[in-house]
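For reference, the structure is listed below as structure tokens.
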Amino acid sequence: MSEQKLEYPEPGELVMATIKTVMDYGVYADLDEYKKRGFLHISEISSARIRNIRDFVRENQKMVLKVLRVNTEKGHIDLSLRRVTKRERTEKVKSWKKDRKGDALLYVIAERTGLTREEVYQKVGAILEEKYGLYDGFEMALKEGTSALVQLNIPEDLANAVFQVAEERIKVKTVKVWGILEMRCPRPNGVKCIQEAFKSAKKVHKTKDSTIDFSVIAAPKYRVVVSADNWKRAEEILSKISEGVIANIRNAGGFGEFKRGK
């Protein structure tokens, strides 16, 4: 499955590792994403002076390590802990946890379909992993539906299984951004023009991965709230929807102004 690779890691790559043997001069660690063992020399554990190596590492501890050198002929992999930044550690752990969640979802599909885990990985997992990342592929399936999976040449029965499992097991987190639209239209049917400006813009910019809500604060001010699965996407839709509303009201003979909420 995706959590174990047969090839060697590349120098500079971050790997999840399990500490296996701790000695005075260094540590042997199993690379969780590869069927390989590497060595972490004491000089690569910390920049500070080490009096007792076990103050820094212990058996069965999970750690993010950086690959320094790889000798495929001898099967040697040299690792470093001190060269891993806090940000790199956080991002790697996050990515690793997502991969494990993706593997767990593939296991559920295998149980339900009667296929082996290897068969499910080849027919589903490998495709999602290459295109999106395994767990992100399941999130995509939840948003886009089975048709998006079939377009990736995943068999329809498995596409249905992927969508069902994603729907049951994944709760997509959303973020909200908002702003204030100040709208005026001096025409006799000005209120209706404003309503149509909102309605038309929402129809154009509404997407499957977002929700758009308008509410009256006190005329001529209106609140627009956009919910999406990430900040960048939410900000993008908020910008487009506000520009669309203002363009619509100007076309109707009125004018508008947008201010981003804080």
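Every chain in the structure tokens has a letter given in the order shown (A, B, ...), and although residue numbers restart at 1 in each chain, ligands are simply numbered from 1 in the order shown.
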message = I want to know what sits within 8 Å of stretch 100-109 of chain A, based on only C-alpha atoms, with residues of the same chain fewer than 4 positions away left out; could you give that as a PyMOL selection string?
response = chain A and resi 1-3+96+113+117+120-121+125+134-135+138+161-162+165-166+169
inquiry  = So that I can check the surroundings of stretch 141-156 of chain A, please list as a PyMOL selection string every protein, DNA and RNA residue that reaches within 12 Å of it, counting only C-alpha atoms and ignoring chain neighbours fewer than 4 positions away.
reply    = chain A and resi 120-132+134-137+160-172+207-210+228-229
Residues of the last selection are to be written out with N, CA and C atoms, as a compact mmCIF listing (two decimals), in the first residue's frame.
# COMPACT_ATOMS: atom_id res chain seq x y z
N VAL A 120 -7.18 -2.91 -4.55
CA VAL A 120 -7.83 -1.62 -4.38
C VAL A 120 -6.83 -0.49 -4.56
N TYR A 121 -5.62 -0.70 -4.07
CA TYR A 121 -4.61 0.34 -4.23
C TYR A 121 -4.27 0.55 -5.71
N GLN A 122 -4.11 -0.53 -6.44
CA GLN A 122 -3.75 -0.42 -7.85
C GLN A 122 -4.87 0.22 -8.67
N LYS A 123 -6.13 -0.12 -8.36
CA LYS A 123 -7.25 0.36 -9.15
C LYS A 123 -7.78 1.73 -8.71
N VAL A 124 -7.49 2.10 -7.45
CA VAL A 124 -8.01 3.36 -6.92
C VAL A 124 -6.90 4.21 -6.31
N GLY A 125 -6.22 3.63 -5.32
CA GLY A 125 -5.26 4.40 -4.54
C GLY A 125 -4.14 5.01 -5.35
N ALA A 126 -3.54 4.23 -6.23
CA ALA A 126 -2.41 4.74 -7.02
C ALA A 126 -2.83 5.91 -7.90
N ILE A 127 -4.06 5.82 -8.45
CA ILE A 127 -4.56 6.89 -9.32
C ILE A 127 -4.80 8.17 -8.53
N LEU A 128 -5.46 8.05 -7.38
CA LEU A 128 -5.72 9.23 -6.56
C LEU A 128 -4.43 9.82 -6.02
N GLU A 129 -3.51 8.95 -5.62
CA GLU A 129 -2.24 9.41 -5.04
C GLU A 129 -1.43 10.22 -6.04
N GLU A 130 -1.39 9.75 -7.27
CA GLU A 130 -0.61 10.44 -8.29
C GLU A 130 -1.24 11.78 -8.68
N LYS A 131 -2.57 11.82 -8.71
CA LYS A 131 -3.28 13.01 -9.19
C LYS A 131 -3.45 14.07 -8.11
N TYR A 132 -3.80 13.63 -6.89
CA TYR A 132 -4.15 14.59 -5.85
C TYR A 132 -3.38 14.40 -4.54
N LEU A 134 -3.33 10.84 -1.77
CA LEU A 134 -4.36 9.84 -1.49
C LEU A 134 -5.55 10.40 -0.73
N TYR A 135 -5.33 10.99 0.43
CA TYR A 135 -6.45 11.50 1.22
C TYR A 135 -7.15 12.66 0.52
N ASP A 136 -6.36 13.54 -0.10
CA ASP A 136 -6.96 14.65 -0.84
C ASP A 136 -7.82 14.15 -1.99
N GLY A 137 -7.45 12.99 -2.54
CA GLY A 137 -8.26 12.38 -3.60
C GLY A 137 -9.63 11.98 -3.09
N ASN A 160 -18.20 4.36 -7.00
CA ASN A 160 -19.34 4.47 -6.08
C ASN A 160 -18.92 4.14 -4.66
N ALA A 161 -18.06 3.12 -4.51
CA ALA A 161 -17.59 2.72 -3.19
C ALA A 161 -16.73 3.82 -2.56
N VAL A 162 -15.88 4.44 -3.38
CA VAL A 162 -15.03 5.54 -2.89
C VAL A 162 -15.89 6.69 -2.39
N PHE A 163 -16.87 7.07 -3.18
CA PHE A 163 -17.73 8.18 -2.81
C PHE A 163 -18.50 7.88 -1.52
N GLN A 164 -19.01 6.65 -1.42
CA GLN A 164 -19.78 6.27 -0.23
C GLN A 164 -18.92 6.32 1.02
N VAL A 165 -17.71 5.77 0.93
CA VAL A 165 -16.81 5.76 2.08
C VAL A 165 -16.39 7.18 2.45
N ALA A 166 -16.11 8.00 1.44
CA ALA A 166 -15.74 9.39 1.69
C ALA A 166 -16.87 10.14 2.37
N GLU A 167 -18.09 9.90 1.92
CA GLU A 167 -19.26 10.57 2.49
C GLU A 167 -19.46 10.18 3.94
N GLU A 168 -19.16 8.92 4.27
CA GLU A 168 -19.36 8.42 5.62
C GLU A 168 -18.24 8.84 6.57
N ARG A 169 -17.01 8.88 6.07
CA ARG A 169 -15.84 9.01 6.95
C ARG A 169 -15.16 10.37 6.96
N ILE A 170 -15.46 11.23 5.99
CA ILE A 170 -14.74 12.51 5.90
C ILE A 170 -15.69 13.67 6.20
N LYS A 171 -15.25 14.51 7.08
CA LYS A 171 -15.97 15.74 7.37
C LYS A 171 -15.10 16.88 6.88
N VAL A 172 -15.51 17.52 5.79
CA VAL A 172 -14.71 18.58 5.19
C VAL A 172 -14.84 19.85 6.04
N THR A 207 -20.51 27.74 -6.49
CA THR A 207 -19.81 26.52 -6.87
C THR A 207 -20.16 25.38 -5.91
N LYS A 208 -19.78 24.17 -6.31
CA LYS A 208 -20.06 23.00 -5.49
C LYS A 208 -19.32 23.03 -4.16
N ASP A 209 -18.15 23.67 -4.16
CA ASP A 209 -17.32 23.64 -2.96
C ASP A 209 -17.48 24.90 -2.10
N SER A 210 -18.58 25.64 -2.29
CA SER A 210 -18.75 26.87 -1.50
C SER A 210 -20.23 27.17 -1.28
N ALA A 228 -15.99 28.17 2.25
CA ALA A 228 -15.30 27.26 1.33
C ALA A 228 -14.34 26.40 2.13
N ASP A 229 -13.67 25.46 1.44
CA ASP A 229 -12.84 24.51 2.17
C ASP A 229 -11.42 25.01 2.46
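In this structure, atom CA of A:Arg184 sits 25.7 Å away from atom CA of A:Ser227.
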task = Looking only at strand (DSSP E) from DSSP on the backbone, list the matching residues of stretch 63-262 of chain A as number ranges by chain.
result = A: 63-71, 76-80, 175-184, 210-218, 221-228, 255-260
Can you check which parts of stretch 84-170 of chain A lie within 8 Å of stretch 60-73 of chain A? Per residue, the shortest pair of atoms and distance in Å to one decimal, counting only C-alpha atoms, sorted by chain and number, as CSV.
residue,atom,partner,partner_atom,distance
A:Val84,CA,A:Lys66,CA,6.2
A:Arg89,CA,A:Val64,CA,5.9
A:Lys92,CA,A:Val64,CA,7.1
A:Val93,CA,A:Val64,CA,7.4
ask   = If you count only C-alpha atoms, which residues fall within 12 Å of A:Arg51, apart from same-chain ones fewer than 6 positions away, as a VMD selection string?
value = chain A and resid 24 to 25 42 to 43 45
